[in-house]
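Enquirer: Next comes the structure file start.txt, holding compact mmCIF, C-alpha atoms.
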# COMPACT_ATOMS: atom_id res chain seq x y z
CA MET A 1 -0.45 9.73 -18.92
CA SER A 2 -0.96 6.22 -20.32
CA ASN A 3 -4.18 4.28 -20.68
CA CYS A 4 -3.22 1.88 -17.89
CA PHE A 5 -6.39 2.60 -15.90
CA GLU A 6 -10.02 2.29 -16.93
CA ILE A 7 -13.00 3.44 -14.88
CA LYS A 8 -15.80 0.89 -15.14
CA CYS A 9 -18.43 2.22 -12.75
CA SER A 10 -18.89 5.41 -10.71
CA SER A 11 -21.13 6.06 -7.73
CA SER A 12 -23.98 8.51 -8.24
CA LYS A 13 -23.65 9.84 -4.68
CA SER A 14 -19.89 10.12 -4.05
CA LEU A 15 -16.52 9.95 -5.80
CA ALA A 16 -16.27 6.18 -5.32
CA ARG A 17 -15.56 4.24 -8.51
CA SER A 18 -14.50 0.81 -9.66
CA GLY A 19 -12.15 0.09 -12.52
CA VAL A 20 -9.24 -1.91 -13.89
CA LEU A 21 -5.49 -1.29 -13.66
CA HIS A 22 -3.79 -2.87 -16.68
CA THR A 23 -0.34 -4.28 -15.87
CA ALA A 24 2.06 -6.55 -17.72
CA HIS A 25 1.14 -9.61 -15.65
CA VAL A 26 -2.56 -9.19 -14.89
CA ASP A 27 -5.46 -6.76 -14.98
CA VAL A 28 -6.22 -5.77 -11.39
CA VAL A 29 -9.78 -4.75 -10.51
CA THR A 30 -10.07 -1.65 -8.36
CA PRO A 31 -10.40 -0.55 -5.62
CA PHE A 32 -7.78 -3.01 -4.37
CA PHE A 33 -5.44 -3.46 -1.41
CA MET A 34 -1.83 -4.62 -1.64
CA PRO A 35 -0.40 -6.61 1.26
CA VAL A 36 3.18 -5.51 1.94
CA ALA A 37 5.92 -7.96 1.02
CA THR A 38 8.93 -5.81 1.96
CA LYS A 39 11.52 -8.55 1.45
CA GLY A 40 9.40 -10.49 -1.04
CA ALA A 41 7.13 -12.11 1.55
CA VAL A 42 4.07 -11.03 3.52
CA LYS A 43 4.76 -11.71 7.18
CA PHE A 44 3.15 -14.97 8.36
CA VAL A 45 1.03 -15.38 5.19
CA THR A 46 2.15 -17.54 2.25
CA HIS A 47 1.85 -16.66 -1.42
CA PRO A 48 -0.44 -19.65 -2.20
CA GLN A 49 -2.77 -18.49 0.59
CA LEU A 50 -2.80 -14.98 -0.86
CA GLN A 51 -3.33 -16.05 -4.46
CA LYS A 52 -5.53 -19.12 -4.21
CA GLU A 53 -7.52 -18.54 -1.02
CA MET A 54 -7.82 -14.75 -0.88
CA ASN A 55 -7.59 -13.91 -4.60
CA VAL A 56 -5.02 -11.18 -3.93
CA GLU A 57 -3.94 -9.86 -7.32
CA CYS A 58 -1.19 -7.45 -6.28
CA LEU A 59 1.62 -7.13 -3.75
CA ILE A 60 4.12 -4.36 -3.06
CA SER A 61 7.78 -4.99 -2.26
CA ASN A 62 10.63 -2.68 -1.25
CA ALA A 63 13.13 -2.18 -4.07
CA PHE A 64 15.91 -0.83 -1.85
CA ILE A 65 15.73 -3.74 0.61
CA ASN A 66 15.76 -6.31 -2.20
CA TYR A 67 18.66 -4.47 -3.82
CA LEU A 68 20.66 -4.88 -0.59
CA LYS A 69 19.61 -8.48 0.11
CA PRO A 70 19.55 -10.82 -1.71
CA GLY A 71 20.91 -8.39 -4.33
CA LEU A 72 20.11 -7.58 -7.93
CA SER A 73 22.47 -10.15 -9.44
CA LEU A 74 20.73 -13.05 -7.71
CA ILE A 75 17.24 -11.75 -8.50
CA GLU A 76 18.20 -11.16 -12.14
CA LYS A 77 19.63 -14.69 -12.31
CA ALA A 78 16.25 -15.97 -11.08
CA GLY A 79 14.52 -14.10 -13.90
CA GLY A 80 13.29 -11.09 -11.95
CA LEU A 81 11.47 -10.45 -8.71
CA HIS A 82 8.25 -12.19 -9.81
CA LYS A 83 10.04 -15.46 -10.43
CA PHE A 84 12.34 -15.15 -7.45
CA VAL A 85 9.44 -14.87 -5.01
CA SER A 86 7.08 -17.14 -7.02
CA TRP A 87 4.40 -14.52 -7.62
CA ASP A 88 2.62 -14.50 -10.98
CA LYS A 89 0.18 -11.65 -10.35
CA ALA A 90 0.84 -7.89 -10.30
CA LEU A 91 3.71 -6.47 -8.28
CA PHE A 92 4.53 -2.90 -7.26
CA THR A 93 7.94 -1.86 -5.98
CA ASP A 94 8.49 1.18 -3.74
CA SER A 95 11.77 3.03 -4.17
CA GLY A 96 12.44 3.49 -0.47
CA GLY A 97 11.03 6.98 0.06
CA PHE A 98 9.04 5.82 3.09
CA GLN A 99 12.31 4.88 4.80
CA LEU A 100 13.11 8.60 5.05
CA ILE A 101 11.03 8.79 8.23
CA LEU A 102 12.72 5.77 9.83
CA ASP A 103 15.84 6.41 11.92
CA GLN A 104 17.30 3.00 11.16
CA PHE A 105 17.44 3.85 7.44
CA ILE A 106 17.93 7.57 6.94
CA HIS A 107 21.35 9.21 7.14
CA LYS A 108 20.74 12.47 5.28
CA VAL A 109 18.88 13.91 2.30
CA THR A 110 20.48 16.14 -0.32
CA ASP A 111 19.38 17.38 -3.72
CA LYS A 112 21.35 14.49 -5.23
CA GLY A 113 19.32 11.84 -3.44
CA VAL A 114 19.08 9.96 -0.16
CA TYR A 115 22.00 8.69 1.88
CA PHE A 116 20.59 5.49 3.33
CA LYS A 117 21.97 3.43 6.18
CA ASN A 118 22.30 -0.19 5.14
CA PRO A 119 20.37 -2.00 7.93
CA PHE A 120 22.44 -5.15 7.37
CA ASP A 121 26.02 -3.86 7.59
CA LYS A 122 25.47 -0.21 8.73
CA SER A 123 27.29 1.22 5.69
CA ILE A 124 26.06 4.43 4.03
CA GLU A 125 24.87 4.41 0.42
CA LEU A 126 23.65 7.21 -1.82
CA VAL A 127 20.47 6.34 -3.71
CA THR A 128 19.80 8.85 -6.47
CA PRO A 129 16.48 9.06 -8.33
CA ALA A 130 18.09 7.44 -11.35
CA LYS A 131 19.55 4.61 -9.26
CA ALA A 132 16.20 3.97 -7.54
CA THR A 133 14.60 3.71 -10.97
CA LEU A 134 17.27 1.46 -12.47
CA ILE A 135 16.99 -0.89 -9.48
CA GLN A 136 13.26 -1.25 -10.11
CA ASN A 137 13.88 -1.71 -13.84
CA SER A 138 16.12 -4.66 -12.96
CA LEU A 139 13.55 -6.15 -10.58
CA GLY A 140 10.92 -6.13 -13.33
CA SER A 141 7.97 -5.04 -11.22
CA ASP A 142 4.71 -4.10 -12.92
CA VAL A 143 4.67 -0.66 -11.31
CA ALA A 144 7.77 1.24 -10.22
CA MET A 145 7.42 4.16 -7.83
CA CYS A 146 9.55 7.30 -8.12
CA LEU A 147 11.94 8.22 -5.36
CA ASP A 148 10.18 10.89 -3.34
CA HIS A 149 11.09 13.05 -0.36
CA GLN A 150 8.70 12.21 2.45
CA PRO A 151 9.18 14.48 5.48
CA LEU A 152 8.31 13.62 9.04
CA PHE A 153 4.86 14.64 10.20
CA GLY A 154 4.65 18.00 11.93
CA LYS A 155 7.30 19.82 9.92
CA SER A 156 6.86 23.46 8.95
CA ARG A 157 5.11 24.60 5.78
CA VAL A 158 8.51 25.60 4.37
CA ASP A 159 9.80 22.06 4.96
CA TYR A 160 6.81 20.56 3.16
CA LEU A 161 7.24 22.97 0.27
CA ASP A 162 10.95 22.13 -0.01
CA SER A 163 10.21 18.41 0.03
CA ALA A 164 7.54 18.81 -2.66
CA ILE A 165 9.94 20.75 -4.89
CA ARG A 166 12.65 18.13 -4.37
CA THR A 167 10.11 15.36 -5.06
CA ILE A 168 9.24 16.97 -8.41
CA GLU A 169 12.91 17.39 -9.36
CA TRP A 170 13.68 13.80 -8.42
CA ALA A 171 10.62 12.59 -10.32
CA GLN A 172 11.90 14.23 -13.49
CA GLU A 173 15.19 12.35 -13.08
CA CYS A 174 13.29 9.10 -12.46
CA LYS A 175 11.26 9.61 -15.63
CA LYS A 176 14.39 10.29 -17.68
CA ALA A 177 16.17 7.18 -16.37
CA HIS A 178 13.08 5.04 -16.97
CA GLU A 179 12.75 6.21 -20.57
CA GLU A 180 16.43 5.91 -21.42
CA ASN A 181 16.99 2.44 -19.96
CA GLU A 182 16.46 0.04 -22.84
CA GLY A 183 17.47 -2.90 -20.66
CA LYS A 184 14.34 -2.94 -18.50
CA LEU A 185 13.38 -6.50 -17.58
CA ASN A 186 9.69 -5.61 -17.91
CA LYS A 187 9.32 -3.53 -21.07
CA LYS A 188 5.76 -2.62 -20.07
CA GLN A 189 6.69 -1.49 -16.56
CA LEU A 190 4.57 1.45 -15.41
CA LEU A 191 6.07 4.40 -13.54
CA PHE A 192 4.06 6.32 -10.93
CA GLY A 193 4.97 9.68 -9.44
CA ILE A 194 4.26 10.42 -5.77
CA ALA A 195 2.82 13.77 -4.68
CA GLN A 196 3.94 15.15 -1.33
CA GLY A 197 2.97 18.25 0.63
CA GLY A 198 1.68 17.07 4.00
CA VAL A 199 -1.73 18.50 4.91
CA HIS A 200 -1.22 21.65 2.85
CA LYS A 201 -3.78 21.42 0.06
CA ASP A 202 -2.15 23.99 -2.20
CA ILE A 203 1.26 22.33 -2.02
CA ARG A 204 -0.27 18.91 -2.62
CA CYS A 205 -2.24 20.09 -5.64
CA LYS A 206 0.70 21.97 -7.19
CA CYS A 207 2.96 18.95 -6.67
CA ALA A 208 0.41 16.55 -8.16
CA LEU A 209 -0.20 18.77 -11.18
CA ALA A 210 3.53 19.23 -11.80
CA LEU A 211 4.03 15.45 -11.68
CA HIS A 212 1.14 14.91 -14.07
CA LYS A 213 2.79 17.29 -16.54
CA VAL A 214 6.00 15.22 -16.36
CA GLY A 215 3.97 12.41 -17.91
CA PHE A 216 3.74 9.54 -15.44
CA ASP A 217 1.37 6.61 -15.84
CA ALA A 218 -0.31 7.82 -12.63
CA VAL A 219 0.27 10.17 -9.71
CA ALA A 220 0.03 8.62 -6.23
CA LEU A 221 -0.32 10.32 -2.85
CA GLY A 222 2.35 9.52 -0.26
CA GLY A 223 3.11 10.74 3.22
CA PHE A 224 -0.12 9.66 4.88
CA GLY A 225 -0.74 7.46 7.91
CA ILE A 226 2.09 9.05 9.90
CA GLY A 227 0.21 11.28 12.33
CA GLU A 228 -2.09 13.56 10.36
CA ALA A 229 -5.80 13.74 11.14
CA GLN A 230 -7.78 11.34 8.99
CA VAL A 231 -10.16 14.10 7.90
CA ASP A 232 -7.21 16.03 6.49
CA MET A 233 -6.21 13.04 4.40
CA TYR A 234 -9.70 12.63 2.95
CA SER A 235 -9.90 16.34 2.19
CA ILE A 236 -6.57 16.30 0.37
CA ILE A 237 -7.52 13.24 -1.69
CA LYS A 238 -10.64 15.07 -2.80
CA GLU A 239 -8.79 18.31 -3.62
CA VAL A 240 -5.95 16.65 -5.53
CA LYS A 241 -8.42 14.74 -7.68
CA LYS A 242 -9.81 18.09 -8.87
CA VAL A 243 -6.51 18.98 -10.57
CA LEU A 244 -5.76 15.57 -12.07
CA PRO A 245 -7.49 13.79 -14.97
CA GLU A 246 -10.44 11.64 -13.99
CA ASN A 247 -8.65 8.51 -15.18
CA ASN A 248 -5.64 9.01 -12.89
CA ALA A 249 -5.26 5.78 -10.91
CA THR A 250 -5.40 7.26 -7.43
CA TYR A 251 -3.05 5.29 -5.19
CA ILE A 252 -3.01 6.23 -1.48
CA MET A 253 0.21 4.85 -0.08
CA GLY A 254 0.51 3.37 3.40
CA ILE A 255 -3.18 3.14 4.29
CA GLY A 256 -4.67 -0.17 5.48
CA SER A 257 -7.32 0.21 8.20
CA PRO A 258 -10.92 -0.58 7.22
CA ILE A 259 -12.43 2.83 8.05
CA GLU A 260 -9.62 4.77 6.37
CA ILE A 261 -10.00 2.68 3.23
CA LEU A 262 -13.76 3.20 3.10
CA ASN A 263 -13.46 6.96 3.50
CA ALA A 264 -10.66 7.19 0.96
CA VAL A 265 -12.70 5.19 -1.56
CA GLU A 266 -15.62 7.54 -0.96
CA ASN A 267 -13.32 10.38 -2.00
CA GLY A 268 -12.13 8.64 -5.16
CA ALA A 269 -9.16 6.47 -4.13
CA ASP A 270 -8.48 3.32 -6.16
CA MET A 271 -5.63 1.44 -4.52
CA PHE A 272 -3.90 1.05 -1.18
CA ASP A 273 -1.00 -0.70 0.54
CA SER A 274 -0.06 -1.12 4.17
CA ALA A 275 1.54 -3.50 6.64
CA TYR A 276 -1.19 -2.47 9.09
CA PRO A 277 -3.35 -5.66 8.90
CA THR A 278 -0.49 -8.07 9.59
CA ARG A 279 1.28 -5.76 12.04
CA MET A 280 -1.92 -5.37 14.08
CA ALA A 281 -2.44 -9.13 14.00
CA ARG A 282 1.00 -9.66 15.49
CA HIS A 283 -0.02 -7.30 18.30
CA GLY A 284 -3.31 -9.11 18.84
CA LEU A 285 -5.63 -6.47 17.34
CA ILE A 286 -8.11 -8.30 15.14
CA PHE A 287 -10.59 -6.95 12.59
CA THR A 288 -14.19 -8.19 12.75
CA HIS A 289 -17.48 -6.99 11.30
CA ASN A 290 -18.55 -6.06 14.83
CA GLY A 291 -15.50 -3.99 15.63
CA GLN A 292 -11.91 -4.68 16.58
CA ILE A 293 -11.10 -7.22 19.25
CA LYS A 294 -7.98 -7.62 21.36
CA ILE A 295 -7.37 -11.33 21.48
CA GLU A 296 -5.07 -11.11 24.51
CA ARG A 297 -7.92 -10.00 26.81
CA ALA A 298 -8.72 -12.58 29.46
CA PHE A 299 -12.41 -13.00 28.69
CA HIS A 300 -11.56 -14.55 25.30
CA LYS A 301 -9.96 -17.57 27.00
CA ASP A 302 -13.30 -19.40 27.23
CA PHE A 303 -15.07 -17.93 24.18
CA PHE A 304 -15.68 -20.93 21.95
CA ILE A 305 -16.78 -18.82 18.99
CA PRO A 306 -14.93 -17.66 15.86
CA LEU A 307 -13.03 -14.40 15.69
CA ASP A 308 -15.81 -13.17 13.40
CA GLU A 309 -19.02 -15.11 12.88
CA GLU A 310 -19.60 -13.28 9.58
CA CYS A 311 -16.19 -14.21 8.17
CA ASP A 312 -15.73 -17.30 6.02
CA CYS A 313 -11.93 -17.51 6.15
CA PHE A 314 -10.47 -20.86 7.17
CA VAL A 315 -9.40 -19.47 10.56
CA CYS A 316 -12.95 -18.47 11.47
CA LYS A 317 -14.30 -21.75 10.12
CA ASN A 318 -11.94 -23.91 12.16
CA TYR A 319 -10.68 -22.16 15.29
CA THR A 320 -12.18 -20.49 18.35
CA ARG A 321 -11.20 -17.30 20.11
CA ALA A 322 -10.30 -19.44 23.12
CA TYR A 323 -7.72 -21.39 21.12
CA LEU A 324 -6.32 -18.31 19.39
CA HIS A 325 -6.12 -16.51 22.75
CA HIS A 326 -4.14 -19.46 24.10
CA LEU A 327 -1.72 -19.41 21.15
CA PHE A 328 -1.22 -15.67 21.41
CA LYS A 329 -0.66 -15.66 25.16
CA THR A 330 1.85 -18.51 24.94
CA HIS A 331 3.72 -16.81 22.06
CA GLU A 332 3.06 -19.69 19.70
CA GLN A 333 4.08 -18.77 16.16
CA ASN A 334 1.09 -20.59 14.69
CA GLY A 335 -1.11 -18.07 16.47
CA LEU A 336 0.55 -15.19 14.63
CA MET A 337 0.11 -17.05 11.35
CA LEU A 338 -3.61 -17.62 11.93
CA LEU A 339 -4.29 -14.08 13.13
CA SER A 340 -2.31 -12.56 10.24
CA TYR A 341 -4.23 -14.71 7.80
CA HIS A 342 -7.57 -13.54 9.19
CA ASN A 343 -6.73 -9.82 9.14
CA THR A 344 -5.37 -10.03 5.59
CA TYR A 345 -8.41 -11.99 4.45
CA PHE A 346 -10.72 -9.49 6.14
CA ILE A 347 -9.20 -6.53 4.27
CA THR A 348 -9.09 -8.27 0.89
CA ASN A 349 -12.68 -9.44 1.32
CA LEU A 350 -13.69 -5.90 2.33
CA MET A 351 -12.23 -4.66 -0.96
CA LYS A 352 -14.32 -7.22 -2.83
CA GLU A 353 -17.46 -6.10 -0.99
CA ILE A 354 -16.62 -2.47 -1.77
CA ARG A 355 -16.27 -3.23 -5.49
CA VAL A 356 -19.58 -5.06 -5.58
CA ALA A 357 -21.31 -2.23 -3.71
CA ILE A 358 -19.94 0.37 -6.13
CA ASN A 359 -20.98 -1.68 -9.14
CA GLU A 360 -24.49 -2.01 -7.69
CA ASN A 361 -24.59 1.73 -6.85
CA ARG A 362 -25.08 1.15 -3.13
CA PHE A 363 -21.59 1.98 -1.82
CA GLU A 364 -22.72 4.75 0.52
CA LYS A 365 -25.24 2.50 2.28
CA PHE A 366 -22.68 -0.29 2.49
CA LYS A 367 -20.16 2.12 4.01
CA SER A 368 -22.70 3.46 6.52
CA ASP A 369 -23.82 0.00 7.61
CA PHE A 370 -20.23 -1.24 7.93
CA GLU A 371 -19.12 1.75 9.98
CA LYS A 372 -22.02 1.45 12.43
CA LYS A 373 -21.05 -2.10 13.29
CA TYR A 374 -17.29 -1.62 13.12
CA SER A 375 -17.29 1.43 15.39
CA LYS A 376 -18.33 -0.64 18.39
CA LYS A 377 -15.99 -0.27 21.35
CA ASP A 378 -12.90 -2.49 21.42
CA ASN A 379 -13.53 -5.74 23.25
Represent the structure from my file as structure tokens, please.

Expert:
Amino acid sequence: MSNCFEIKCSSSKSLARSGVLHTAHVDVVTPFFMPVATKGAVKFVTHPQLQKEMNVECLISNAFINYLKPGLSLIEKAGGLHKFVSWDKALFTDSGGFQLILDQFIHKVTDKGVYFKNPFDKSIELVTPAKATLIQNSLGSDVAMCLDHQPLFGKSRVDYLDSAIRTIEWAQECKKAHEENEGKLNKKQLLFGIAQGGVHKDIRCKCALALHKVGFDAVALGGFGIGEAQVDMYSIIKEVKKVLPENNATYIMGIGSPIEILNAVENGADMFDSAYPTRMARHGLIFTHNGQIKIERAFHKDFFIPLDEECDCFVCKNYTRAYLHHLFKTHEQNGLMLLSYHNTYFITNLMKEIRVAINENRFEKFKSDFEKKYSKKDN
């Protein structure tokens, strides 16, 4: 394990901690949240808004999708994914393991790798662990994620055990390819393993420990946010941390709701990614300090107040719920832009507040106060 992660401050009452992830482009303070830029863009939010107005320091993009379109040759000609998408902060790339639970992508899984359906031309392509790694080497991301086998939620224990074993075997191939490729665009690219195992603590812990022994820069936890009980996720985070070094940068993949983030941080998580904030915005579900609101509901049509009176984003400073309700109900694209901006800002600002609370050793009170207000019934 490298020295890519430093713990700066730890809570005296929980496993919450703040720190710094050192990457080739920037040092990212933790805990942090990565908006999802699958094709190199966060839906309805621009990169200048993310960087200059929200101080987002890290995005995650999908390596397999970018490999298909626009293609590696074009991205390499641009100078790598950072330059192609005009992003000068940190950038993670996911290998495509999450697509294993999506019917439009998955064809079949073998020990060799994943047979993916190309969503653009419907052809079938085998992505091996080595190929997934080499793609990410060419993209030049700051952190490359190993190809992992993520099963659907609700599978049998045997299925989860098989997927964990395959994940470890694939991870070893990813590590070998990463070490042997001298043509990496980013010579300081980090490589993270991904522990699987569903809600089975023993499988998760054995998988995580095996990956640590392979020698990754960190071991992440995947396969969450797909149907398991939230309490099971928190319990597994806590258990896995017992078998890994304290300075393992604990990345919980696919988690992006405020309460889930707070509880995961309490159990020692350091970083997150999810399309949840922008996806919910497009469906009219808006985060506020006083609970979620559904902007489509009729009583918002004459509410001349901000989405969130405690939020200082430009949407809340300039627009009313009445106006945003009107845009949403009339399917105006500007409405989706404004709502997506607010939800993304809310989550990134929450991460800032969490870091400050940890550094001031008052995280648990902050979490309790936030949850009391946020748990108010949807309105």

Enquirer: If I take atom CA of A:Ala16 and atom CA of A:Ser375, how far is one from the other in Å, to one decimal?

Expert: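 Taking atom CA of A:Ala16 and atom CA of A:Ser375, their separation equals 21.3 Å.
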
Enquirer: Looking at all atoms listed in the file, which of A:Phe328, A:Phe64, A:Tyr374, A:Tyr345 is the one that sits closest to A:Lys131?

Expert: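 When distances to A:Lys131 are compared using all atoms listed in the file, the smallest one comes from A:Phe64.
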
Enquirer: Nearest to A:His289 among A:Asn349, A:Ser86, A:Gln51, A:Thr320, with distances taken over all atoms listed in the file: which residue is it?

Expert: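 Closest residue, counting all atoms listed in the file: A:Asn349.
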
Enquirer: Counting all atoms listed in the file, figure out which residue out of A:Lys52, A:Arg166, A:His212, A:His178 gets nearest to A:Ser2.

Expert: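 For A:Ser2, the nearest of the candidates is A:His212.
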
Enquirer: So what do you get for atom CA of A:Gly225 versus atom CA of A:Lys365, distance-wise?

Expert: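 That distance, rounded to one decimal, is 25.6 Å.
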
Enquirer: Can you pull out the residues contacting A:Ser10? Cut-off 10 Å, using all atoms listed in the file, and skip same-chain residues under 3 positions away; I want them as a list in words.

Expert: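 Listing them by chain and then by number gives Ile7, Lys13, Ser14, Leu15, Ala16, Arg17, Ser18, Gly19, Gly268, Ile358, Asn359, Glu360, Asn361 and Phe363 of chain A.
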
Enquirer: Of the candidates A:Gln150, A:Ser141, A:Thr288, A:Ser95, which one gets nearest to A:Thr128 if we count all atoms listed in the file?

Expert: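 So, comparing all the options, the nearest one is A:Ser95.
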
Enquirer: Counting all atoms listed in the file, which residues sit no farther than 7 Å from the position (-10.8, -16.0, 13.5) in the file's frame? I'd like them as a list of chain:residue names.

Expert: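 Checking each residue against the 7 Å limit leaves A:Pro306, A:Leu307, A:Asp308, A:Val315, A:Cys316, A:Tyr319, A:Thr320, A:Arg321, A:Leu339, A:His342.
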
Enquirer: Which residues come within 10 Å of A:Leu350, counting only C-alpha atoms, excluding same-chain residues fewer than 5 positions away, as a VMD selection string?

Expert: chain A and resid 32 to 33 258 261 to 262 289 344 to 345 355 to 356 370

Enquirer: Distance atom CA of A:Val214-atom CA of A:Ser138, one decimal place?

Expert: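 These atoms are spaced 22.6 Å apart.
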
Enquirer: Which polymer residues have any atom within 12 Å of an atom of A:Thr110, counting only C-alpha atoms, with same-chain residues fewer than 5 positions away left out, as a PyMOL selection string?

Expert: chain A and resi 100+115-116+126-129+148-149+162-163+166-167+169-170

Enquirer: Counting only C-alpha atoms, what is within 10 Å of A:Lys372, bar same-chain residues fewer than 5 positions away, as a PyMOL selection string?

Expert: chain A and resi 289-291+367

Enquirer: I'd like to know which of A:Ile295, A:Cys313, A:Met145, A:Val240 is closest to A:His326, using all atoms listed in the file.

Expert: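 Comparing A:Ile295, A:Cys313, A:Met145, A:Val240 against A:His326, the winner is A:Ile295.
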
Enquirer: Name all residues at most 12 Å from A:Asn248 (count all atoms listed in the file; drop same-chain ones fewer than 6 positions away) and give them as a ChimeraX atom specification.

Expert: /A:1-7,17,19-21,192-193,208-209,211-212,215-221,240-242,268-271

Enquirer: Counting only C-alpha atoms, note down every residue that has an atom within 12 Å of the point (-9.6, -17.4, -3.0) (file coordinates), as number ranges by chain.

Expert: A: 47-57, 312-314, 345, 348-349, 352
